[in-house]
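Asker: What follows is final09.pdb, PDB, C-alpha atoms, pLDDT in the B column.
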ATOM      1  CA  MET A  17       0.000   0.000   0.000  1.00 93.00           C
ATOM      2  CA  LYS A  18       1.112   3.544  -0.704  1.00 96.00           C
ATOM      3  CA  ILE A  19       0.180   6.377   1.616  1.00 97.00           C
ATOM      4  CA  THR A  20       0.690   9.995   0.665  1.00 98.00           C
ATOM      5  CA  ILE A  21       0.380  12.777   3.192  1.00 98.00           C
ATOM      6  CA  LEU A  22      -0.443  15.818   1.070  1.00 97.00           C
ATOM      7  CA  CYS A  23      -0.195  19.017   3.052  1.00 96.00           C
ATOM      8  CA  VAL A  24       0.077  22.783   2.852  1.00 96.00           C
ATOM      9  CA  GLY A  25       3.228  24.503   4.038  1.00 95.00           C
ATOM     10  CA  LYS A  26       6.596  23.434   5.367  1.00 94.00           C
ATOM     11  CA  VAL A  27       7.373  22.240   8.866  1.00 94.00           C
ATOM     12  CA  LYS A  28       9.783  24.746  10.370  1.00 92.00           C
ATOM     13  CA  GLU A  29      10.209  23.460  13.928  1.00 95.00           C
ATOM     14  CA  LYS A  30      12.975  20.877  14.339  1.00 97.00           C
ATOM     15  CA  PHE A  31      11.082  18.894  17.004  1.00 96.00           C
ATOM     16  CA  TYR A  32       8.161  18.367  14.585  1.00 97.00           C
ATOM     17  CA  ARG A  33      10.550  17.382  11.763  1.00 97.00           C
ATOM     18  CA  ASP A  34      12.303  14.917  14.090  1.00 97.00           C
ATOM     19  CA  ALA A  35       8.984  13.297  15.041  1.00 97.00           C
ATOM     20  CA  ILE A  36       7.883  13.153  11.388  1.00 97.00           C
ATOM     21  CA  ASP A  37      11.190  11.532  10.436  1.00 97.00           C
ATOM     22  CA  GLU A  38      10.882   8.976  13.239  1.00 97.00           C
ATOM     23  CA  PHE A  39       7.356   7.876  12.326  1.00 97.00           C
ATOM     24  CA  SER A  40       8.227   7.883   8.616  1.00 97.00           C
ATOM     25  CA  LYS A  41      11.107   5.517   9.374  1.00 97.00           C
ATOM     26  CA  ARG A  42       8.875   3.258  11.481  1.00 96.00           C
ATOM     27  CA  LEU A  43       6.194   3.179   8.781  1.00 97.00           C
ATOM     28  CA  SER A  44       8.657   2.187   6.056  1.00 97.00           C
ATOM     29  CA  ARG A  45       8.312  -1.490   7.020  1.00 96.00           C
ATOM     30  CA  TYR A  46       4.533  -1.414   6.515  1.00 97.00           C
ATOM     31  CA  CYS A  47       3.840   0.838   3.535  1.00 97.00           C
ATOM     32  CA  LYS A  48       5.375   3.125   0.969  1.00 97.00           C
ATOM     33  CA  LEU A  49       5.047   6.573   2.533  1.00 98.00           C
ATOM     34  CA  GLU A  50       5.352   9.873   0.723  1.00 97.00           C
ATOM     35  CA  ILE A  51       4.949  13.337   2.225  1.00 97.00           C
ATOM     36  CA  VAL A  52       4.219  16.067  -0.307  1.00 97.00           C
ATOM     37  CA  GLU A  53       4.189  19.704   0.734  1.00 97.00           C
ATOM     38  CA  VAL A  54       2.642  22.440  -1.375  1.00 97.00           C
ATOM     39  CA  ALA A  55       3.306  26.132  -0.866  1.00 96.00           C
ATOM     40  CA  ASP A  56       1.125  28.045   1.527  1.00 94.00           C
ATOM     41  CA  GLU A  57      -0.229  31.517   0.834  1.00 93.00           C
ATOM     42  CA  LYS A  58       0.504  34.592   2.905  1.00 90.00           C
ATOM     43  CA  THR A  59      -2.615  35.730   4.721  1.00 87.00           C
ATOM     44  CA  GLU A  60      -3.125  39.188   6.127  1.00 85.00           C
ATOM     45  CA  GLU A  61      -3.964  39.334   9.830  1.00 85.00           C
ATOM     46  CA  GLN A  62      -7.313  41.039   9.186  1.00 88.00           C
ATOM     47  CA  ALA A  63      -8.176  39.142   5.996  1.00 89.00           C
ATOM     48  CA  SER A  64     -11.734  39.427   4.733  1.00 91.00           C
ATOM     49  CA  GLU A  65     -13.944  36.371   4.116  1.00 92.00           C
ATOM     50  CA  ASN A  66     -13.264  36.736   0.395  1.00 92.00           C
ATOM     51  CA  GLU A  67      -9.477  36.918   0.904  1.00 94.00           C
ATOM     52  CA  ILE A  68      -9.626  33.815   3.110  1.00 93.00           C
ATOM     53  CA  ARG A  69     -11.652  31.953   0.470  1.00 94.00           C
ATOM     54  CA  LEU A  70      -9.125  32.941  -2.237  1.00 94.00           C
ATOM     55  CA  VAL A  71      -6.175  31.739  -0.121  1.00 95.00           C
ATOM     56  CA  LYS A  72      -7.891  28.407   0.518  1.00 96.00           C
ATOM     57  CA  GLU A  73      -8.717  28.064  -3.195  1.00 97.00           C
ATOM     58  CA  LYS A  74      -5.095  28.691  -4.251  1.00 97.00           C
ATOM     59  CA  GLU A  75      -3.764  26.201  -1.713  1.00 97.00           C
ATOM     60  CA  GLY A  76      -6.526  23.765  -2.647  1.00 97.00           C
ATOM     61  CA  ASP A  77      -5.640  23.954  -6.357  1.00 97.00           C
ATOM     62  CA  ARG A  78      -2.040  23.079  -5.476  1.00 97.00           C
ATOM     63  CA  LEU A  79      -3.208  20.091  -3.439  1.00 98.00           C
ATOM     64  CA  LEU A  80      -5.592  18.818  -6.119  1.00 97.00           C
ATOM     65  CA  LYS A  81      -2.868  18.923  -8.804  1.00 97.00           C
ATOM     66  CA  ASN A  82      -0.955  16.298  -6.802  1.00 97.00           C
ATOM     67  CA  ILE A  83      -3.735  13.706  -6.533  1.00 96.00           C
ATOM     68  CA  LYS A  84      -3.726  10.720  -8.838  1.00 90.00           C
ATOM     69  CA  GLU A  85      -7.135   9.994 -10.351  1.00 87.00           C
ATOM     70  CA  ASP A  86      -7.560   6.506  -8.895  1.00 87.00           C
ATOM     71  CA  ALA A  87      -6.474   7.456  -5.371  1.00 92.00           C
ATOM     72  CA  TYR A  88      -8.646   7.227  -2.281  1.00 97.00           C
ATOM     73  CA  VAL A  89      -8.672  10.670  -0.638  1.00 98.00           C
ATOM     74  CA  ILE A  90      -9.166  11.237   3.084  1.00 98.00           C
ATOM     75  CA  THR A  91      -9.392  14.856   4.184  1.00 98.00           C
ATOM     76  CA  LEU A  92      -8.713  15.898   7.755  1.00 97.00           C
ATOM     77  CA  CYS A  93     -11.651  18.112   8.704  1.00 93.00           C
ATOM     78  CA  ILE A  94     -13.153  19.180  12.010  1.00 91.00           C
ATOM     79  CA  ASP A  95     -16.591  18.097  10.743  1.00 92.00           C
ATOM     80  CA  GLY A  96     -15.371  14.685   9.569  1.00 96.00           C
ATOM     81  CA  LYS A  97     -16.082  11.345  11.222  1.00 97.00           C
ATOM     82  CA  GLN A  98     -14.186  10.610  14.412  1.00 97.00           C
ATOM     83  CA  LEU A  99     -12.690   7.120  14.617  1.00 97.00           C
ATOM     84  CA  ASP A 100     -10.827   5.377  17.384  1.00 96.00           C
ATOM     85  CA  SER A 101      -7.462   3.764  16.603  1.00 95.00           C
ATOM     86  CA  GLU A 102      -8.960   0.321  15.954  1.00 95.00           C
ATOM     87  CA  GLU A 103     -11.524   1.789  13.541  1.00 97.00           C
ATOM     88  CA  LEU A 104      -8.834   3.686  11.636  1.00 97.00           C
ATOM     89  CA  SER A 105      -6.774   0.496  11.421  1.00 97.00           C
ATOM     90  CA  ASP A 106      -9.807  -1.372  10.119  1.00 97.00           C
ATOM     91  CA  LYS A 107     -10.527   1.378   7.561  1.00 97.00           C
ATOM     92  CA  ILE A 108      -6.964   1.298   6.170  1.00 97.00           C
ATOM     93  CA  GLU A 109      -6.948  -2.507   6.092  1.00 96.00           C
ATOM     94  CA  LYS A 110     -10.314  -2.692   4.293  1.00 96.00           C
ATOM     95  CA  LEU A 111      -9.199  -0.119   1.729  1.00 95.00           C
ATOM     96  CA  GLY A 112      -6.158  -2.267   0.950  1.00 91.00           C
ATOM     97  CA  ILE A 113      -8.250  -5.419   0.655  1.00 90.00           C
ATOM     98  CA  SER A 114     -10.807  -3.689  -1.602  1.00 91.00           C
ATOM     99  CA  GLY A 115      -8.079  -2.663  -4.043  1.00 87.00           C
ATOM    100  CA  SER A 116      -7.456   0.938  -2.979  1.00 87.00           C
ATOM    101  CA  SER A 117      -3.693   0.693  -3.086  1.00 89.00           C
ATOM    102  CA  HIS A 118      -3.027   4.428  -2.760  1.00 95.00           C
ATOM    103  CA  ILE A 119      -4.485   6.521   0.057  1.00 97.00           C
ATOM    104  CA  TYR A 120      -4.022  10.280   0.244  1.00 98.00           C
ATOM    105  CA  PHE A 121      -4.435  12.047   3.577  1.00 98.00           C
ATOM    106  CA  MET A 122      -4.989  15.777   3.020  1.00 97.00           C
ATOM    107  CA  ILE A 123      -3.996  18.373   5.613  1.00 96.00           C
ATOM    108  CA  GLY A 124      -4.867  21.985   4.891  1.00 94.00           C
ATOM    109  CA  GLY A 125      -2.995  25.094   5.869  1.00 92.00           C
ATOM    110  CA  SER A 126      -3.754  27.375   8.787  1.00 89.00           C
ATOM    111  CA  LEU A 127      -7.108  28.343   7.252  1.00 92.00           C
ATOM    112  CA  GLY A 128      -8.169  24.782   6.460  1.00 92.00           C
ATOM    113  CA  LEU A 129      -9.102  23.087   3.189  1.00 96.00           C
ATOM    114  CA  SER A 130     -10.919  24.582   0.225  1.00 96.00           C
ATOM    115  CA  ASP A 131     -14.422  23.473  -0.719  1.00 96.00           C
ATOM    116  CA  ALA A 132     -13.012  21.845  -3.882  1.00 97.00           C
ATOM    117  CA  VAL A 133     -10.628  19.658  -1.864  1.00 97.00           C
ATOM    118  CA  ILE A 134     -13.367  18.660   0.564  1.00 97.00           C
ATOM    119  CA  LYS A 135     -15.656  17.843  -2.372  1.00 97.00           C
ATOM    120  CA  ARG A 136     -12.939  15.574  -3.860  1.00 97.00           C
ATOM    121  CA  ALA A 137     -12.692  13.591  -0.616  1.00 97.00           C
ATOM    122  CA  ASP A 138     -13.820  10.010  -0.513  1.00 97.00           C
ATOM    123  CA  TYR A 139     -13.869  10.221   3.275  1.00 98.00           C
ATOM    124  CA  LYS A 140     -13.708  13.056   5.820  1.00 98.00           C
ATOM    125  CA  LEU A 141     -11.817  12.228   9.014  1.00 98.00           C
ATOM    126  CA  SER A 142     -11.721  14.257  12.210  1.00 97.00           C
ATOM    127  CA  PHE A 143      -9.242  13.793  15.025  1.00 95.00           C
ATOM    128  CA  SER A 144     -11.092  16.184  17.318  1.00 93.00           C
ATOM    129  CA  LYS A 145     -13.443  19.138  17.357  1.00 90.00           C
ATOM    130  CA  MET A 146     -10.433  21.145  18.500  1.00 90.00           C
ATOM    131  CA  THR A 147      -8.119  22.944  16.094  1.00 86.00           C
ATOM    132  CA  PHE A 148      -4.469  21.844  15.940  1.00 88.00           C
ATOM    133  CA  PRO A 149      -1.491  23.484  14.242  1.00 88.00           C
ATOM    134  CA  HIS A 150      -1.187  21.862  10.813  1.00 85.00           C
ATOM    135  CA  GLN A 151       2.470  20.979  11.500  1.00 90.00           C
ATOM    136  CA  LEU A 152       1.487  19.086  14.667  1.00 94.00           C
ATOM    137  CA  MET A 153      -1.341  17.385  12.773  1.00 95.00           C
ATOM    138  CA  ARG A 154       1.232  15.691  10.540  1.00 96.00           C
ATOM    139  CA  VAL A 155       2.886  14.155  13.583  1.00 97.00           C
ATOM    140  CA  ILE A 156      -0.439  13.035  15.055  1.00 97.00           C
ATOM    141  CA  LEU A 157      -1.579  11.569  11.731  1.00 98.00           C
ATOM    142  CA  LEU A 158       1.687   9.674  11.154  1.00 98.00           C
ATOM    143  CA  GLU A 159       1.593   8.276  14.687  1.00 97.00           C
ATOM    144  CA  GLN A 160      -1.988   7.089  14.190  1.00 97.00           C
ATOM    145  CA  ILE A 161      -1.175   5.467  10.839  1.00 98.00           C
ATOM    146  CA  TYR A 162       1.769   3.714  12.496  1.00 97.00           C
ATOM    147  CA  ARG A 163      -0.509   2.606  15.344  1.00 96.00           C
ATOM    148  CA  ALA A 164      -3.057   1.362  12.762  1.00 97.00           C
ATOM    149  CA  TYR A 165      -0.454  -0.872  11.111  1.00 97.00           C
ATOM    150  CA  ARG A 166       0.686  -2.223  14.474  1.00 96.00           C
ATOM    151  CA  ILE A 167      -2.935  -3.099  15.288  1.00 95.00           C
ATOM    152  CA  MET A 168      -3.430  -4.713  11.859  1.00 95.00           C
ATOM    153  CA  ASN A 169      -0.380  -6.892  12.406  1.00 95.00           C
ATOM    154  CA  HIS A 170      -1.274  -7.787  16.011  1.00 94.00           C
ATOM    155  CA  GLU A 171       1.959  -6.219  17.230  1.00 94.00           C
ATOM    156  CA  PRO A 172       2.487  -4.562  20.612  1.00 88.00           C
ATOM    157  CA  TYR A 173       2.411  -0.761  20.862  1.00 76.00           C
ATOM    158  CA  HIS A 174      -1.265  -0.032  20.762  1.00 57.00           C
ATOM    159  CA  LYS A 175      -2.024   0.241  24.486  1.00 59.00           C
TER     160      LYS A 175
END
Can you dump the structure from the file as structure tokens?
Answerer:
Amino acid sequence: MKITILCVGKVKEKFYRDAIDEFSKRLSRYCKLEIVEVADEKTEEQASENEIRLVKEKEGDRLLKNIKEDAYVITLCIDGKQLDSEELSDKIEKLGISGSSHIYFMIGGSLGLSDAVIKRADYKLSFSKMTFPHQLMRVILLEQIYRAYRIMNHEPYHK
């Protein structure tokens, strides 16, 4: 299985990069992992609704250009479905069994995902009703994917 984390912006903090590198290394024995970053847009502090929409559209266009047509797309959205770790593991496993060999997880920038990206999603996933920094969300997502594979393979780590 191939998993692509498609996200807006670069991770600047070394501690986040270190955690991302560690989970990427751990995941390499279970799947082919790719992390693709697209450029984020500068946003004025007092941006209008229209300016916010335009920023999200530009970032969204960059994300959509990187998706292969036959891929299964999971967007990370506050209003998505919340799963526990076992349910996420089951979802990934069932996608692999059903022939979805490439899963994209989409993480938006600081303003979130555009309507076009959300519309393209095959599944909307939420980790919480809270908002997290998008850099931290990469770490959380990678850890949960790693946990999902450990569960799938009946390996210790989960609890």
Asker: Go through A:Leu70, A:Leu127, A:Ala63, A:Met153 one by one, measure the shortest atom-to-atom distance of each to Leu22 in chain A using all atoms listed in the file, and give the residue with the smallest value.
Answerer: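 Result for the nearest residue to Leu22 in chain A: A:Met153.
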Asker: Between A:Arg136, A:Arg69, A:Arg45, A:Lys28, which residue has the minimum interatomic distance to Lys81 in chain A, considering all atoms listed in the file?
Answerer: A:Arg136
Asker: Could you tell me which residues the PyMOL selection byres ((chain A and resi 48) around 8) grabs in this file, written as a list in words?
Answerer: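 Evaluating the PyMOL selection byres ((chain A and resi 48) around 8) on these coordinates yields Met17, Lys18, Ile19, Leu43, Ser44, Tyr46, Cys47, Leu49 and Glu50 of chain A.
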Asker: Go ahead and dump the residues you just picked, C-alpha atoms, as a tab-separated table (two decimals), in the coordinates of the input.
Answerer:
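The result, written out as out_26.tsv:
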chain	number	residue	atom	x	y	z
A	17	MET	CA	0.00	0.00	0.00
A	18	LYS	CA	1.11	3.54	-0.70
A	19	ILE	CA	0.18	6.38	1.62
A	43	LEU	CA	6.19	3.18	8.78
A	44	SER	CA	8.66	2.19	6.06
A	46	TYR	CA	4.53	-1.41	6.52
A	47	CYS	CA	3.84	0.84	3.54
A	49	LEU	CA	5.05	6.57	2.53
A	50	GLU	CA	5.35	9.87	0.72
Asker: Find, counting all atoms listed in the file, the residue in A:Lys74, A:Arg33, A:Lys58, A:Lys140 that gets nearest to Ile123 in chain A.
Answerer: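 Checking each candidate against Ile123 in chain A, we get A:Lys140 as the closest.
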Asker: Considering only C-alpha atoms, return as number ranges by chain whatever protein or nucleic-acid residues lie within 9 Å of Ser116 in chain A, sequence-local ones (same chain, fewer than 3 positions apart) excluded.
Answerer: A: 17, 86-88, 110-113, 119
Asker: Between CA of His170 in chain A and CA of Lys41 in chain A, measure the distance and give it in Å to one decimal.
Answerer: 19.3 Å
Asker: Tell me which of A:Asp100, A:Asp37, A:Glu73, A:Glu85 sits closest to Gly128 in chain A, counting all atoms listed in the file.
Answerer: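 Nearest candidate to Gly128 in chain A out of A:Asp100, A:Asp37, A:Glu73, A:Glu85: A:Glu73.
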Asker: Exactly which residues make up the result of the PyMOL selection byres ((chain A and resi 24) around 9) on this file, given as JSON, numbers by chain?
Answerer: {"A": [22, 23, 25, 26, 52, 53, 54, 55, 56, 57, 75, 76, 78, 79, 122, 123, 124, 125, 126, 150]}
Asker: Can you work out the spacing between CA of Gln160 in chain A and CA of Ser105 in chain A in Å, to one decimal?
Answerer: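 Straight-line distance from CA of Gln160 in chain A to CA of Ser105 in chain A works out to 8.6 Å.
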